[in-house]
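Here is the structure we will look at.
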Amino acid sequence: MFAPMKVSSHFDGGNIEIVDITRPGDAHLQIRRDSHSEFLQWFNFRVSEVRDLALTLHIDNAGETSYPPGWKGYRAVATYDRQHFFRVPTDYDGKRLTIRHTPTRDSVYYSYFAPYSHERHQDLIARCLASADVHHALLGHTLDGRDMDLLTIGTPGDGRRVCWVIARQHPGETMAEWLVEGLLARLLDPEDPVARELRRQAVFHVVPNMNPDGSFRGNLRVNAAGANLNREWQSPTRERSPEVLLVRQRMEQTGVDYCLDVHGDEALPYNFIAGPDGIPSFTKRQEALQAAYEQALVRASPDFQTKYGYDPTPPGQANMTMCTTWCAERFDCLAMTLEQPFKDTADSPNEAVGWSPERCRQLGRANLDALLAVIHDLR
């Protein structure tokens, strides 16, 4: 039977499987599992030949995903031009997620969050390299042969603090790279006084995408081998988690005074920080540094808050396979995981776009204000 619309996902970061699209405007779809893994939640697909057609798109296996509570209060992201993103009506009945939208163009993309493509990543790297202060290193390659890019801003030495920022260990958490894009844009602004002072006092090592393979494959949480990279930091291997191994090796060469690991949380409608509480050597100094950083970030961005987040980890019970805990223990440094929502911020909602790429970028910029507030105390 002729299908009145087309559904496709065979592109960078795409993920959806067709169950039934034989009825006009009505589709039954399902999310494909991550590579060699049971994780599933990320979706990203295109619907074509649908101008002015009222669409009802059912994701039939939403109740079987990795974080079903995340669908409560969630609205899907749509875009026509892959540059401007908006939210569309979405409901969840405990089993199926249903997107309802009438496109005004012939084709439209729907996704879990605004995608951050490999092409945009390459443009980000190239744009940063226009600055004479930026150096690029190819740390090595992923299991699929993709480049592991490292940007270094500034020259080590002269007592400069060593600051690391990494993003997208979990590839479907695309808000992480959107945030880093904003952070880098401000850090490289020659007329920004905060950025200028930070560049004077610190050298920055930035990995905008820790998981290029998972990103391209349309995974939520793992790399090409099915490894959750944020559970590989204690014993990474070239066969299973070369991405972590390569970054860890460079950290051992540079040292670490500050590490910001940027993520997204499926369920909580807040921006918040999770620290290394619970590591064997957790100190009052690390606790005070984190508190000072968080308070400075609250002042810099009303989109950030400290009331809601993860429960503290009891002393000595931290998961030492994670980046934040491993870095804090290994380098006695300020190490934090910054979480952003897939939904919207409950305290500062935006009906049209929800938590969006531009809001991510703005929070990235605000993190430089917070870092400046503690830069003198990092050592």
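Convention: chains lettered A, B, ... in structure tokens order; per-chain residue numbering from 1; ligands numbered from 1 as shown.
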
Region 98-100 of chain A surroundings by only C-alpha atoms, 6 Å radius, close-in-sequence under 2 positions cut, as a list in words: Leu55, Thr56, Leu57, His58, Pro89, Thr90 and Asp91 of chain A

Written selection (N, CA, C and O atoms) as a compact mmCIF listing (two decimals), in the first residue's frame:
```
# COMPACT_ATOMS: atom_id res chain seq x y z
N LEU A 55 -0.37 15.28 12.11
CA LEU A 55 0.38 14.07 12.41
C LEU A 55 0.09 13.59 13.83
O LEU A 55 0.01 14.39 14.77
N THR A 56 -0.04 12.29 13.96
CA THR A 56 -0.09 11.63 15.26
C THR A 56 0.96 10.54 15.22
O THR A 56 0.77 9.51 14.55
N LEU A 57 2.07 10.77 15.88
CA LEU A 57 3.23 9.87 15.82
C LEU A 57 3.37 9.16 17.15
O LEU A 57 3.69 9.77 18.17
N HIS A 58 3.12 7.86 17.14
CA HIS A 58 3.20 7.06 18.36
C HIS A 58 4.56 6.37 18.44
O HIS A 58 4.95 5.67 17.51
N PRO A 89 3.40 19.52 20.96
CA PRO A 89 2.58 18.79 21.93
C PRO A 89 2.93 17.30 21.95
O PRO A 89 3.03 16.65 20.90
N THR A 90 3.12 16.79 23.14
CA THR A 90 3.53 15.39 23.34
C THR A 90 2.86 14.87 24.60
O THR A 90 2.79 15.57 25.60
N ASP A 91 2.35 13.65 24.54
CA ASP A 91 1.77 13.07 25.75
C ASP A 91 2.23 11.63 25.91
O ASP A 91 2.64 10.98 24.94
```

DSSP strand (DSSP E or B) residues within region 65-152 of chain A, listed as an MDAnalysis selection string: chainID A and resid 77:79 86:87 90:92 97:101 107:111 134:141 147:152

What would the file look like if the residues just selected were written as a PDB file, in the first residue's frame with C-alpha atoms?
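Result saved to part.pdb:
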```pdb
ATOM      1  CA  VAL A  77      11.769  18.895  19.790  1.00  0.00           C
ATOM      2  CA  ALA A  78      11.001  19.769  16.167  1.00  0.00           C
ATOM      3  CA  THR A  79      12.839  21.654  13.444  1.00  0.00           C
ATOM      4  CA  PHE A  86      10.788  24.368  18.914  1.00  0.00           C
ATOM      5  CA  ARG A  87       8.664  22.123  21.122  1.00  0.00           C
ATOM      6  CA  THR A  90       3.527  15.394  23.339  1.00  0.00           C
ATOM      7  CA  ASP A  91       1.768  13.071  25.752  1.00  0.00           C
ATOM      8  CA  TYR A  92       2.633   9.814  27.495  1.00  0.00           C
ATOM      9  CA  LEU A  97       4.721   8.504  23.718  1.00  0.00           C
ATOM     10  CA  THR A  98       2.567  10.399  21.202  1.00  0.00           C
ATOM     11  CA  ILE A  99       3.685  13.475  19.267  1.00  0.00           C
ATOM     12  CA  ARG A 100       0.926  15.625  17.742  1.00  0.00           C
ATOM     13  CA  HIS A 101       1.873  18.293  15.223  1.00  0.00           C
ATOM     14  CA  SER A 107       9.391  17.730   5.853  1.00  0.00           C
ATOM     15  CA  VAL A 108      10.172  18.082   9.547  1.00  0.00           C
ATOM     16  CA  TYR A 109      12.595  16.528  12.026  1.00  0.00           C
ATOM     17  CA  TYR A 110      11.595  15.302  15.499  1.00  0.00           C
ATOM     18  CA  SER A 111      14.097  14.430  18.210  1.00  0.00           C
ATOM     19  CA  VAL A 134      43.809  27.757  20.409  1.00  0.00           C
ATOM     20  CA  HIS A 135      45.777  24.593  19.725  1.00  0.00           C
ATOM     21  CA  HIS A 136      44.307  21.366  18.423  1.00  0.00           C
ATOM     22  CA  ALA A 137      45.482  17.867  19.226  1.00  0.00           C
ATOM     23  CA  LEU A 138      44.234  14.619  17.743  1.00  0.00           C
ATOM     24  CA  LEU A 139      44.381  12.358  20.781  1.00  0.00           C
ATOM     25  CA  GLY A 140      43.708   9.226  18.750  1.00  0.00           C
ATOM     26  CA  HIS A 141      40.766   7.415  17.253  1.00  0.00           C
ATOM     27  CA  ASP A 147      38.881  11.535  15.586  1.00  0.00           C
ATOM     28  CA  MET A 148      39.128  12.349  19.288  1.00  0.00           C
ATOM     29  CA  ASP A 149      39.536  16.128  19.225  1.00  0.00           C
ATOM     30  CA  LEU A 150      41.147  18.127  22.023  1.00  0.00           C
ATOM     31  CA  LEU A 151      41.201  21.921  22.051  1.00  0.00           C
ATOM     32  CA  THR A 152      43.761  23.647  24.273  1.00  0.00           C
TER      33      THR A 152
END
```

Ranking A:Lys72, A:His263, A:Arg248, A:His376 by minimum distance to Pro236 (chain A) and counting only C-alpha atoms, which one comes first? A:Arg248

Extract, using only C-alpha atoms, all DNA, RNA and protein residues at most 9 Å from Phe85 (chain A), discarding same-chain residues fewer than 3 positions from it, and format them as a PyMOL selection string. chain A and resi 77-82+114+353+356-357

Set the distance at 9 Å and use only C-alpha atoms: which residues neighbour Pro302 (chain A) once local chain neighbours fewer than 5 positions away are removed? I'd like the list as a PyMOL selection string. chain A and resi 297+347-348

Preceding selection exported with N, CA, C and O atoms as a compact mmCIF listing (two decimals), in the first residue's frame:
```txt
# COMPACT_ATOMS: atom_id res chain seq x y z
N LEU A 297 27.50 30.39 40.31
CA LEU A 297 26.73 30.05 39.11
C LEU A 297 25.26 30.44 39.27
O LEU A 297 24.63 30.89 38.32
N ASP A 347 11.65 26.04 37.07
CA ASP A 347 11.68 27.37 37.69
C ASP A 347 11.66 28.52 36.68
O ASP A 347 11.30 29.65 37.02
N SER A 348 12.05 28.23 35.44
CA SER A 348 12.12 29.30 34.42
C SER A 348 11.72 28.74 33.06
O SER A 348 12.52 28.72 32.12
```

I'd like a table as a tab-separated table: residues in region 153-251 of chain A with an atom no more than 9 Å from region 32-48 of chain A, each row giving the shortest atom pair and its distance in Å to one decimal, only C-alpha atoms counted, sorted by chain and rising residue number.
```
residue	atom	partner	partner_atom	distance
A:Gly172	CA	A:Trp42	CA	5.9
A:Glu173	CA	A:Trp42	CA	8.7
A:Gly214	CA	A:Ser35	CA	7.9
A:Arg217	CA	A:Ser35	CA	7.7
A:Gly218	CA	A:Trp42	CA	7.0
A:Asn219	CA	A:Asp34	CA	4.8
A:Leu220	CA	A:Trp42	CA	5.0
A:Arg221	CA	A:Phe39	CA	6.8
A:Val222	CA	A:Asp34	CA	6.8
A:Asn223	CA	A:Ser35	CA	7.2
A:Ala224	CA	A:Ser35	CA	6.0
A:Ala225	CA	A:His36	CA	6.3
A:Gly226	CA	A:His36	CA	4.7
A:Ala227	CA	A:Ser37	CA	8.0
```

Just list as number ranges by chain whatever in region 99-291 of chain A DSSP marks as helix (DSSP H, G or I). A: 118-128, 175-187, 193-201, 212-217, 229-231, 242-254, 284-291

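The environment of Cys259 (chain A) within 8 Å, counting only C-alpha atoms and disregarding residues fewer than 5 places along the same chain, consists of A:Cys163, A:Trp164, A:Val165, A:Ile166, A:Thr324, A:Cys327, A:Cys333, A:Leu334, A:Ala335, A:Met336.
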
Just write the chosen residues, N, CA, C and O atoms, as a compact mmCIF listing (two decimals), in the first residue's frame.
```txt
# COMPACT_ATOMS: atom_id res chain seq x y z
N CYS A 163 42.53 23.59 33.63
CA CYS A 163 41.08 23.40 33.63
C CYS A 163 40.67 22.49 32.47
O CYS A 163 41.02 22.74 31.32
N TRP A 164 39.90 21.45 32.81
CA TRP A 164 39.39 20.51 31.82
C TRP A 164 37.87 20.63 31.74
O TRP A 164 37.20 20.73 32.77
N VAL A 165 37.36 20.61 30.51
CA VAL A 165 35.92 20.57 30.26
C VAL A 165 35.67 19.47 29.24
O VAL A 165 36.26 19.49 28.15
N ILE A 166 34.81 18.51 29.58
CA ILE A 166 34.48 17.43 28.65
C ILE A 166 32.96 17.33 28.54
O ILE A 166 32.23 17.72 29.46
N THR A 324 33.96 12.34 37.30
CA THR A 324 34.05 13.29 38.41
C THR A 324 34.72 12.67 39.63
O THR A 324 35.59 13.28 40.25
N CYS A 327 38.54 11.84 38.83
CA CYS A 327 39.38 13.04 38.77
C CYS A 327 39.59 13.64 40.16
O CYS A 327 40.71 14.03 40.51
N CYS A 333 41.19 17.65 43.16
CA CYS A 333 40.80 18.87 42.47
C CYS A 333 39.30 19.12 42.61
O CYS A 333 38.56 18.30 43.16
N LEU A 334 38.87 20.25 42.08
CA LEU A 334 37.45 20.54 41.96
C LEU A 334 36.93 19.84 40.71
O LEU A 334 37.24 20.24 39.59
N ALA A 335 36.16 18.79 40.91
CA ALA A 335 35.60 18.02 39.79
C ALA A 335 34.09 17.94 39.98
O ALA A 335 33.61 17.63 41.08
N MET A 336 33.34 18.21 38.92
CA MET A 336 31.89 18.28 39.02
C MET A 336 31.23 17.75 37.76
O MET A 336 31.80 17.85 36.66
```

Mind checking which residues fall within 9 Å of Tyr293 (chain A), counting only C-alpha atoms, ignoring those fewer than 3 positions away in the same chain, and posting them as a PDB file with all heavy atoms, in the first residue's frame?
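Dumped everything to part_2.pdb:
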```
ATOM      1  N   ALA A 288      33.984  22.925  49.967  1.00  0.00           N
ATOM      2  CA  ALA A 288      33.834  24.382  49.994  1.00  0.00           C
ATOM      3  C   ALA A 288      33.994  24.979  48.597  1.00  0.00           C
ATOM      4  O   ALA A 288      33.276  25.928  48.223  1.00  0.00           O
ATOM      5  CB  ALA A 288      34.854  24.986  50.950  1.00  0.00           C
ATOM      6  N   LEU A 289      34.929  24.443  47.808  1.00  0.00           N
ATOM      7  CA  LEU A 289      35.117  24.930  46.447  1.00  0.00           C
ATOM      8  C   LEU A 289      33.863  24.709  45.607  1.00  0.00           C
ATOM      9  O   LEU A 289      33.428  25.599  44.866  1.00  0.00           O
ATOM     10  CB  LEU A 289      36.304  24.213  45.794  1.00  0.00           C
ATOM     11  CG  LEU A 289      37.690  24.803  45.990  1.00  0.00           C
ATOM     12  CD1 LEU A 289      38.744  23.875  45.394  1.00  0.00           C
ATOM     13  CD2 LEU A 289      37.786  26.190  45.347  1.00  0.00           C
ATOM     14  N   GLN A 290      33.288  23.520  45.736  1.00  0.00           N
ATOM     15  CA  GLN A 290      32.080  23.231  44.974  1.00  0.00           C
ATOM     16  C   GLN A 290      30.931  24.154  45.394  1.00  0.00           C
ATOM     17  O   GLN A 290      30.202  24.680  44.543  1.00  0.00           O
ATOM     18  CB  GLN A 290      31.663  21.774  45.148  1.00  0.00           C
ATOM     19  CG  GLN A 290      30.400  21.417  44.348  1.00  0.00           C
ATOM     20  CD  GLN A 290      29.982  19.977  44.523  1.00  0.00           C
ATOM     21  OE1 GLN A 290      30.838  19.083  44.658  1.00  0.00           O
ATOM     22  NE2 GLN A 290      28.684  19.719  44.518  1.00  0.00           N
ATOM     23  N   ALA A 296      28.183  30.956  42.931  1.00  0.00           N
ATOM     24  CA  ALA A 296      28.560  31.915  41.889  1.00  0.00           C
ATOM     25  C   ALA A 296      27.770  31.663  40.608  1.00  0.00           C
ATOM     26  O   ALA A 296      27.382  32.598  39.899  1.00  0.00           O
ATOM     27  CB  ALA A 296      30.061  31.842  41.616  1.00  0.00           C
ATOM     28  N   LEU A 297      27.499  30.389  40.315  1.00  0.00           N
ATOM     29  CA  LEU A 297      26.735  30.055  39.113  1.00  0.00           C
ATOM     30  C   LEU A 297      25.265  30.442  39.274  1.00  0.00           C
ATOM     31  O   LEU A 297      24.627  30.887  38.315  1.00  0.00           O
ATOM     32  CB  LEU A 297      26.878  28.570  38.798  1.00  0.00           C
ATOM     33  CG  LEU A 297      26.316  28.083  37.451  1.00  0.00           C
ATOM     34  CD1 LEU A 297      26.823  28.935  36.290  1.00  0.00           C
ATOM     35  CD2 LEU A 297      26.658  26.610  37.231  1.00  0.00           C
ATOM     36  N   VAL A 298      24.739  30.304  40.478  1.00  0.00           N
ATOM     37  CA  VAL A 298      23.377  30.777  40.747  1.00  0.00           C
ATOM     38  C   VAL A 298      23.273  32.278  40.476  1.00  0.00           C
ATOM     39  O   VAL A 298      22.301  32.759  39.878  1.00  0.00           O
ATOM     40  CB  VAL A 298      22.967  30.459  42.206  1.00  0.00           C
ATOM     41  CG1 VAL A 298      21.711  31.230  42.596  1.00  0.00           C
ATOM     42  CG2 VAL A 298      22.729  28.962  42.386  1.00  0.00           C
ATOM     43  N   ASN A 367      29.113  29.665  33.233  1.00  0.00           N
ATOM     44  CA  ASN A 367      30.076  28.863  33.984  1.00  0.00           C
ATOM     45  C   ASN A 367      31.434  29.547  34.086  1.00  0.00           C
ATOM     46  O   ASN A 367      32.190  29.273  35.023  1.00  0.00           O
ATOM     47  CB  ASN A 367      30.219  27.470  33.359  1.00  0.00           C
ATOM     48  CG  ASN A 367      29.254  26.477  33.947  1.00  0.00           C
ATOM     49  OD1 ASN A 367      29.558  25.787  34.913  1.00  0.00           O
ATOM     50  ND2 ASN A 367      28.060  26.405  33.363  1.00  0.00           N
ATOM     51  N   ALA A 370      31.369  31.633  37.172  1.00  0.00           N
ATOM     52  CA  ALA A 370      31.533  30.800  38.365  1.00  0.00           C
ATOM     53  C   ALA A 370      32.983  30.367  38.538  1.00  0.00           C
ATOM     54  O   ALA A 370      33.520  30.360  39.661  1.00  0.00           O
ATOM     55  CB  ALA A 370      30.617  29.582  38.272  1.00  0.00           C
ATOM     56  N   LEU A 371      33.626  30.023  37.442  1.00  0.00           N
ATOM     57  CA  LEU A 371      35.027  29.605  37.525  1.00  0.00           C
ATOM     58  C   LEU A 371      35.920  30.746  37.986  1.00  0.00           C
ATOM     59  O   LEU A 371      36.829  30.548  38.812  1.00  0.00           O
ATOM     60  CB  LEU A 371      35.489  29.075  36.170  1.00  0.00           C
ATOM     61  CG  LEU A 371      36.950  28.627  36.075  1.00  0.00           C
ATOM     62  CD1 LEU A 371      37.276  27.571  37.118  1.00  0.00           C
ATOM     63  CD2 LEU A 371      37.253  28.111  34.669  1.00  0.00           C
ATOM     64  N   LEU A 372      35.666  31.942  37.492  1.00  0.00           N
ATOM     65  CA  LEU A 372      36.475  33.088  37.910  1.00  0.00           C
ATOM     66  C   LEU A 372      36.357  33.325  39.416  1.00  0.00           C
ATOM     67  O   LEU A 372      37.327  33.727  40.067  1.00  0.00           O
ATOM     68  CB  LEU A 372      36.059  34.345  37.150  1.00  0.00           C
ATOM     69  CG  LEU A 372      36.888  35.599  37.425  1.00  0.00           C
ATOM     70  CD1 LEU A 372      38.345  35.391  37.016  1.00  0.00           C
ATOM     71  CD2 LEU A 372      36.299  36.809  36.703  1.00  0.00           C
ATOM     72  N   ALA A 373      35.193  33.023  39.978  1.00  0.00           N
ATOM     73  CA  ALA A 373      34.971  33.241  41.413  1.00  0.00           C
ATOM     74  C   ALA A 373      35.844  32.341  42.281  1.00  0.00           C
ATOM     75  O   ALA A 373      36.118  32.671  43.438  1.00  0.00           O
ATOM     76  CB  ALA A 373      33.494  33.028  41.755  1.00  0.00           C
ATOM     77  N   VAL A 374      36.296  31.200  41.729  1.00  0.00           N
ATOM     78  CA  VAL A 374      37.069  30.255  42.541  1.00  0.00           C
ATOM     79  C   VAL A 374      38.468  30.022  41.996  1.00  0.00           C
ATOM     80  O   VAL A 374      39.218  29.214  42.566  1.00  0.00           O
ATOM     81  CB  VAL A 374      36.333  28.898  42.665  1.00  0.00           C
ATOM     82  CG1 VAL A 374      34.948  29.099  43.278  1.00  0.00           C
ATOM     83  CG2 VAL A 374      36.211  28.193  41.323  1.00  0.00           C
TER      84      VAL A 374
END
```

Ala176 (chain A) environment, 9 Å, only C-alpha atoms, sequence neighbours closer than 2 positions dropped, as a short mmCIF file (atom, residue, chain, number, x, y, z; two decimals) with all heavy atoms, in the first residue's frame:
```
data_model
loop_
_atom_site.label_atom_id
_atom_site.label_comp_id
_atom_site.auth_asym_id
_atom_site.auth_seq_id
_atom_site.Cartn_x
_atom_site.Cartn_y
_atom_site.Cartn_z
N ILE A 166 34.81 18.51 29.58
CA ILE A 166 34.48 17.43 28.65
C ILE A 166 32.96 17.33 28.54
O ILE A 166 32.23 17.72 29.46
CB ILE A 166 35.08 16.08 29.06
CG1 ILE A 166 34.40 15.54 30.32
CG2 ILE A 166 36.59 16.19 29.25
CD1 ILE A 166 34.79 14.10 30.64
N ALA A 167 32.49 16.80 27.42
CA ALA A 167 31.04 16.73 27.18
C ALA A 167 30.69 15.50 26.35
O ALA A 167 31.53 14.95 25.63
CB ALA A 167 30.55 17.99 26.47
N ARG A 168 29.44 15.10 26.46
CA ARG A 168 28.84 14.01 25.66
C ARG A 168 29.53 12.67 25.85
O ARG A 168 29.69 11.90 24.90
CB ARG A 168 28.80 14.39 24.18
CG ARG A 168 27.74 15.41 23.87
CD ARG A 168 27.62 15.66 22.39
NE ARG A 168 26.73 14.70 21.74
CZ ARG A 168 26.45 14.71 20.44
NH1 ARG A 168 27.01 15.62 19.66
NH2 ARG A 168 25.64 13.82 19.92
N PRO A 171 26.23 10.10 24.45
CA PRO A 171 26.08 10.84 23.18
C PRO A 171 24.71 11.47 22.97
O PRO A 171 24.61 12.51 22.33
CB PRO A 171 26.38 9.78 22.12
CG PRO A 171 26.12 8.46 22.80
CD PRO A 171 26.53 8.67 24.22
N GLU A 173 22.99 12.95 25.06
CA GLU A 173 22.88 14.16 25.88
C GLU A 173 23.50 15.33 25.12
O GLU A 173 24.51 15.91 25.51
CB GLU A 173 23.52 13.92 27.24
CG GLU A 173 22.77 12.83 28.02
CD GLU A 173 23.51 12.31 29.24
OE1 GLU A 173 24.50 12.93 29.66
OE2 GLU A 173 23.08 11.27 29.78
N THR A 174 22.86 15.67 24.01
CA THR A 174 23.42 16.66 23.09
C THR A 174 23.49 18.05 23.69
O THR A 174 24.29 18.89 23.25
CB THR A 174 22.58 16.71 21.80
OG1 THR A 174 21.20 16.96 22.15
CG2 THR A 174 22.68 15.40 21.04
N TRP A 178 26.10 21.58 23.14
CA TRP A 178 25.57 22.93 22.96
C TRP A 178 26.12 23.86 24.05
O TRP A 178 26.46 25.01 23.78
CB TRP A 178 24.04 22.92 23.01
CG TRP A 178 23.36 22.33 21.80
CD1 TRP A 178 22.67 21.15 21.74
CD2 TRP A 178 23.28 22.91 20.49
NE1 TRP A 178 22.18 20.95 20.48
CE2 TRP A 178 22.53 22.01 19.69
CE3 TRP A 178 23.77 24.08 19.92
CZ2 TRP A 178 22.26 22.26 18.34
CZ3 TRP A 178 23.50 24.33 18.57
CH2 TRP A 178 22.75 23.43 17.81
N LEU A 179 26.18 23.37 25.29
CA LEU A 179 26.72 24.19 26.38
C LEU A 179 28.18 24.53 26.13
O LEU A 179 28.61 25.68 26.31
CB LEU A 179 26.55 23.46 27.71
CG LEU A 179 27.02 24.23 28.96
CD1 LEU A 179 26.14 23.89 30.17
CD2 LEU A 179 28.47 23.94 29.31
N VAL A 180 28.97 23.53 25.73
CA VAL A 180 30.39 23.77 25.48
C VAL A 180 30.59 24.77 24.34
O VAL A 180 31.52 25.58 24.37
CB VAL A 180 31.11 22.44 25.20
CG1 VAL A 180 32.52 22.67 24.66
CG2 VAL A 180 31.18 21.59 26.46
N GLU A 181 29.71 24.74 23.35
CA GLU A 181 29.80 25.71 22.26
C GLU A 181 29.70 27.14 22.81
O GLU A 181 30.47 28.03 22.41
CB GLU A 181 28.69 25.45 21.24
CG GLU A 181 28.72 26.38 20.05
CD GLU A 181 27.63 26.08 19.04
OE1 GLU A 181 27.67 25.00 18.42
OE2 GLU A 181 26.72 26.93 18.89
N PRO A 208 34.97 18.59 23.29
CA PRO A 208 33.54 18.88 23.08
C PRO A 208 32.68 17.64 22.91
O PRO A 208 31.49 17.66 23.24
CB PRO A 208 33.53 19.73 21.81
CG PRO A 208 34.91 20.29 21.70
CD PRO A 208 35.80 19.22 22.26
N ASN A 209 33.27 16.56 22.38
CA ASN A 209 32.50 15.31 22.20
C ASN A 209 33.38 14.12 22.56
O ASN A 209 34.27 13.75 21.82
CB ASN A 209 32.00 15.18 20.77
CG ASN A 209 31.01 14.04 20.60
OD1 ASN A 209 30.92 13.15 21.45
ND2 ASN A 209 30.27 14.04 19.51
N ASP A 261 32.42 18.01 33.82
CA ASP A 261 31.92 16.96 32.95
C ASP A 261 30.44 17.25 32.69
O ASP A 261 29.62 17.19 33.61
CB ASP A 261 32.11 15.60 33.64
CG ASP A 261 31.61 14.43 32.81
OD1 ASP A 261 31.42 14.60 31.60
OD2 ASP A 261 31.40 13.35 33.40
N VAL A 262 30.08 17.58 31.44
CA VAL A 262 28.75 18.11 31.14
C VAL A 262 27.83 17.00 30.62
O VAL A 262 28.21 16.24 29.71
CB VAL A 262 28.83 19.25 30.12
CG1 VAL A 262 27.48 19.96 30.02
CG2 VAL A 262 29.91 20.25 30.51
N HIS A 263 26.63 16.93 31.19
CA HIS A 263 25.68 15.86 30.89
C HIS A 263 24.26 16.41 30.75
O HIS A 263 24.02 17.61 30.79
CB HIS A 263 25.70 14.83 32.03
CG HIS A 263 26.88 13.93 32.03
ND1 HIS A 263 26.86 12.65 31.52
CD2 HIS A 263 28.15 14.13 32.46
CE1 HIS A 263 28.05 12.10 31.65
NE2 HIS A 263 28.86 12.98 32.23
N GLY A 264 23.30 15.49 30.63
CA GLY A 264 21.87 15.80 30.65
C GLY A 264 21.15 14.75 31.46
O GLY A 264 21.56 13.58 31.49
N LEU A 338 27.93 18.50 35.61
CA LEU A 338 26.87 19.47 35.40
C LEU A 338 25.75 18.81 34.59
O LEU A 338 25.97 18.34 33.47
CB LEU A 338 27.40 20.69 34.65
CG LEU A 338 26.37 21.75 34.24
CD1 LEU A 338 25.65 22.32 35.46
CD2 LEU A 338 27.03 22.87 33.44
N GLU A 339 24.56 18.76 35.16
CA GLU A 339 23.41 18.14 34.53
C GLU A 339 22.43 19.20 34.03
O GLU A 339 22.18 20.20 34.71
CB GLU A 339 22.68 17.22 35.52
CG GLU A 339 23.51 16.05 36.04
CD GLU A 339 23.60 14.89 35.06
OE1 GLU A 339 23.00 14.98 33.97
OE2 GLU A 339 24.26 13.89 35.40
N GLN A 340 21.88 18.97 32.82
CA GLN A 340 20.85 19.83 32.25
C GLN A 340 19.62 18.98 31.91
O GLN A 340 19.73 17.77 31.72
CB GLN A 340 21.36 20.48 30.96
CG GLN A 340 22.63 21.30 31.10
CD GLN A 340 23.17 21.70 29.74
OE1 GLN A 340 22.70 22.65 29.12
NE2 GLN A 340 24.16 20.95 29.26
N CYS A 360 21.28 26.51 26.59
CA CYS A 360 22.49 25.74 26.93
C CYS A 360 23.73 26.59 26.75
O CYS A 360 24.62 26.63 27.62
CB CYS A 360 22.61 24.51 26.04
SG CYS A 360 21.32 23.27 26.20
#
```

In Å, rounded to a single decimal, give me how far CA of Phe11 (chain A) is from CA of Asp60 (chain A). 21.7 Å

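Minimum distance to Ala274 (chain A) across A:Glu239, A:Asp123, A:Asp311, A:Asp257 (counting only C-alpha atoms) occurs at A:Asp311.
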
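CA of Arg330 (chain A) sits 12.9 Å away from CA of Thr283 (chain A).
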
Rounded to one decimal place, report the CA of Arg199 (chain A)-CA of Arg361 (chain A) distance in Å. 19.2 Å

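In terms of minimum interatomic distance to Ala62 (chain A), A:Arg96 ranks closest within A:Arg96, A:Arg231, A:His10, A:His84, counting only C-alpha atoms.
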